[in-house]
Structure formats: structure tokens, C-alpha cells
>>> print(open('run_36.cif').read())   # mmCIF, C-alpha atoms, pLDDT in the B column; chains and numbers go by the auth columns
data_final
loop_
_atom_site.group_PDB
_atom_site.id
_atom_site.type_symbol
_atom_site.label_atom_id
_atom_site.label_comp_id
_atom_site.label_asym_id
_atom_site.label_seq_id
_atom_site.Cartn_x
_atom_site.Cartn_y
_atom_site.Cartn_z
_atom_site.B_iso_or_equiv
_atom_site.auth_seq_id
_atom_site.auth_asym_id
ATOM 1 C CA MET A 1 -16.487 9.235 -12.246 70.00 234 H
ATOM 2 C CA ARG A 2 -12.924 8.157 -12.886 71.00 235 H
ATOM 3 C CA LYS A 3 -11.812 4.874 -14.353 80.00 236 H
ATOM 4 C CA LYS A 4 -9.621 2.730 -12.137 74.00 237 H
ATOM 5 C CA SER A 5 -6.864 2.933 -14.712 79.00 238 H
ATOM 6 C CA ASP A 6 -6.848 6.747 -14.328 82.00 239 H
ATOM 7 C CA LEU A 7 -6.260 6.677 -10.550 88.00 240 H
ATOM 8 C CA PRO A 8 -2.786 7.394 -9.142 91.00 241 H
ATOM 9 C CA GLN A 9 -0.559 4.458 -8.233 92.00 242 H
ATOM 10 C CA LYS A 10 2.343 3.885 -5.862 94.00 243 H
ATOM 11 C CA THR A 11 4.695 0.994 -5.207 95.00 244 H
ATOM 12 C CA CYS A 12 4.597 -0.686 -1.795 94.00 245 H
ATOM 13 C CA LEU A 13 7.867 -0.304 0.112 92.00 246 H
ATOM 14 C CA THR A 14 7.643 -3.811 1.555 92.00 247 H
ATOM 15 C CA CYS A 15 6.452 -6.100 -1.231 93.00 248 H
ATOM 16 C CA GLY A 16 7.204 -3.915 -4.256 93.00 249 H
ATOM 17 C CA ARG A 17 3.766 -4.372 -5.789 94.00 250 H
ATOM 18 C CA PRO A 18 1.870 -1.445 -7.271 94.00 251 H
ATOM 19 C CA PHE A 19 -1.292 -0.322 -5.501 94.00 252 H
ATOM 20 C CA THR A 20 -3.982 2.150 -6.497 93.00 253 H
ATOM 21 C CA TRP A 21 -5.482 5.153 -4.715 92.00 254 H
ATOM 22 C CA ARG A 22 -8.489 4.423 -2.478 91.00 255 H
ATOM 23 C CA LYS A 23 -11.206 6.748 -1.278 91.00 256 H
ATOM 24 C CA LYS A 24 -10.270 6.130 2.384 93.00 257 H
ATOM 25 C CA TRP A 25 -6.741 7.403 1.609 91.00 258 H
ATOM 26 C CA GLU A 26 -8.040 10.602 0.015 89.00 259 H
ATOM 27 C CA LYS A 27 -6.738 12.977 2.720 94.00 260 H
ATOM 28 C CA VAL A 28 -3.512 11.103 3.499 93.00 261 H
ATOM 29 C CA TRP A 29 -2.416 9.832 0.068 93.00 262 H
ATOM 30 C CA ASP A 30 0.969 11.560 0.368 93.00 263 H
ATOM 31 C CA GLU A 31 1.662 9.633 3.596 94.00 264 H
ATOM 32 C CA VAL A 32 0.571 6.169 2.361 93.00 265 H
ATOM 33 C CA ARG A 33 3.595 3.907 1.824 94.00 266 H
ATOM 34 C CA TYR A 34 2.270 0.348 2.186 94.00 267 H
ATOM 35 C CA CYS A 35 -0.426 -1.512 0.248 93.00 268 H
ATOM 36 C CA SER A 36 -1.875 -3.344 3.260 92.00 269 H
ATOM 37 C CA ASP A 37 -1.763 -3.802 7.022 92.00 270 H
ATOM 38 C CA ARG A 38 0.294 -6.950 6.484 93.00 271 H
ATOM 39 C CA CYS A 39 3.001 -5.037 4.613 92.00 272 H
ATOM 40 C CA ARG A 40 2.953 -2.231 7.149 90.00 273 H
ATOM 41 C CA GLY A 41 3.528 -4.803 9.903 90.00 274 H
ATOM 42 C CA ALA A 42 6.467 -6.335 8.033 87.00 275 H
ATOM 43 C CA ARG A 43 8.488 -3.146 7.711 75.00 276 H
ATOM 44 C CA ARG A 44 11.766 -5.052 7.593 62.00 277 H
ATOM 45 C CA GLY A 45 11.529 -5.032 3.809 49.00 278 H
ATOM 46 C CA ASP A 46 12.069 -8.740 3.254 55.00 279 H
ATOM 47 C CA GLY A 47 8.505 -9.258 1.986 48.00 280 H
ATOM 48 C CA THR A 48 7.301 -11.542 4.762 57.00 281 H
ATOM 49 C CA ALA A 49 4.817 -10.708 7.464 55.00 282 H
ATOM 50 C CA PRO A 50 5.399 -11.561 11.105 57.00 283 H
ATOM 51 C CA ARG A 51 3.684 -14.749 12.307 57.00 284 H
ATOM 52 C CA ARG A 52 0.580 -14.521 14.464 57.00 285 H
ATOM 53 C CA ASP A 53 0.316 -17.511 16.801 56.00 286 H
#
>>> encode(input="run_36.cif", output="C-alpha cells")
Amino acid sequence: MRKKSDLPQKTCLTCGRPFTWRKKWEKVWDEVRYCSDRCRGARRGDGTAPRRD
């Protein structure tokens, strides 16, 4: 078992925060660019998510 500190990390393109590898991303890790669905939805790059009314 690996320690969390030993897992690969990337930086989110939207918010700029680092995020760590997850098991569900195992097969698509090279394609993952955003840390969350919220950041993926706010692709403009200004760090804010679109409002849901």
C-alpha cells in the first residue's frame, strides 16, 4: 500500500490547487486536468464556477 504523500500530483487548470491521484482516475490519469466537477464546469480559468439557479 502506498502512502498518500507518495501518490502523483497535478495542478488544477482552473483553480491552481494541487490534487492527488485517485483510484477512479487510474486508467485516465494522463487525461485528468481538473480537480473537481466544479472546476471542470468553470473552464474559463477565472476560478469561479457558474451559478446554478
>>> atom_distance(input="run_36.cif", atom1="atom CA of H:Lys237", atom2="atom CA of H:Arg276")
27.5 Å
>>> atom_distance(input="run_36.cif", atom1="atom CA of H:Gly274", atom2="atom CA of H:Asp239")
28.8 Å
>>> residues_around(input="run_36.cif", residues="H:Asp263", least_positions_apart="6", cutoff="12 Å", atoms="only C-alpha atoms", output="PyMOL selection string")
chain H and resi 241-243+254
>>> resolve_selection(input="run_36.cif", expression="the PyMOL selection byres ((chain H and resi 272) around 8)", output="NGL selection string")
:H and (245 or 247-248 or 267-271 or 273-276 or 280-282)
>>> atom_distance(input="run_36.cif", atom1="atom CA of H:Thr244", atom2="atom CA of H:Glu264")
12.7 Å
>>> residues_around(input="run_36.cif", residues="H:Leu240", least_positions_apart="5", cutoff="9 Å", atoms="all atoms listed in the file", output="PyMOL selection string")
chain H and resi 235+253-255
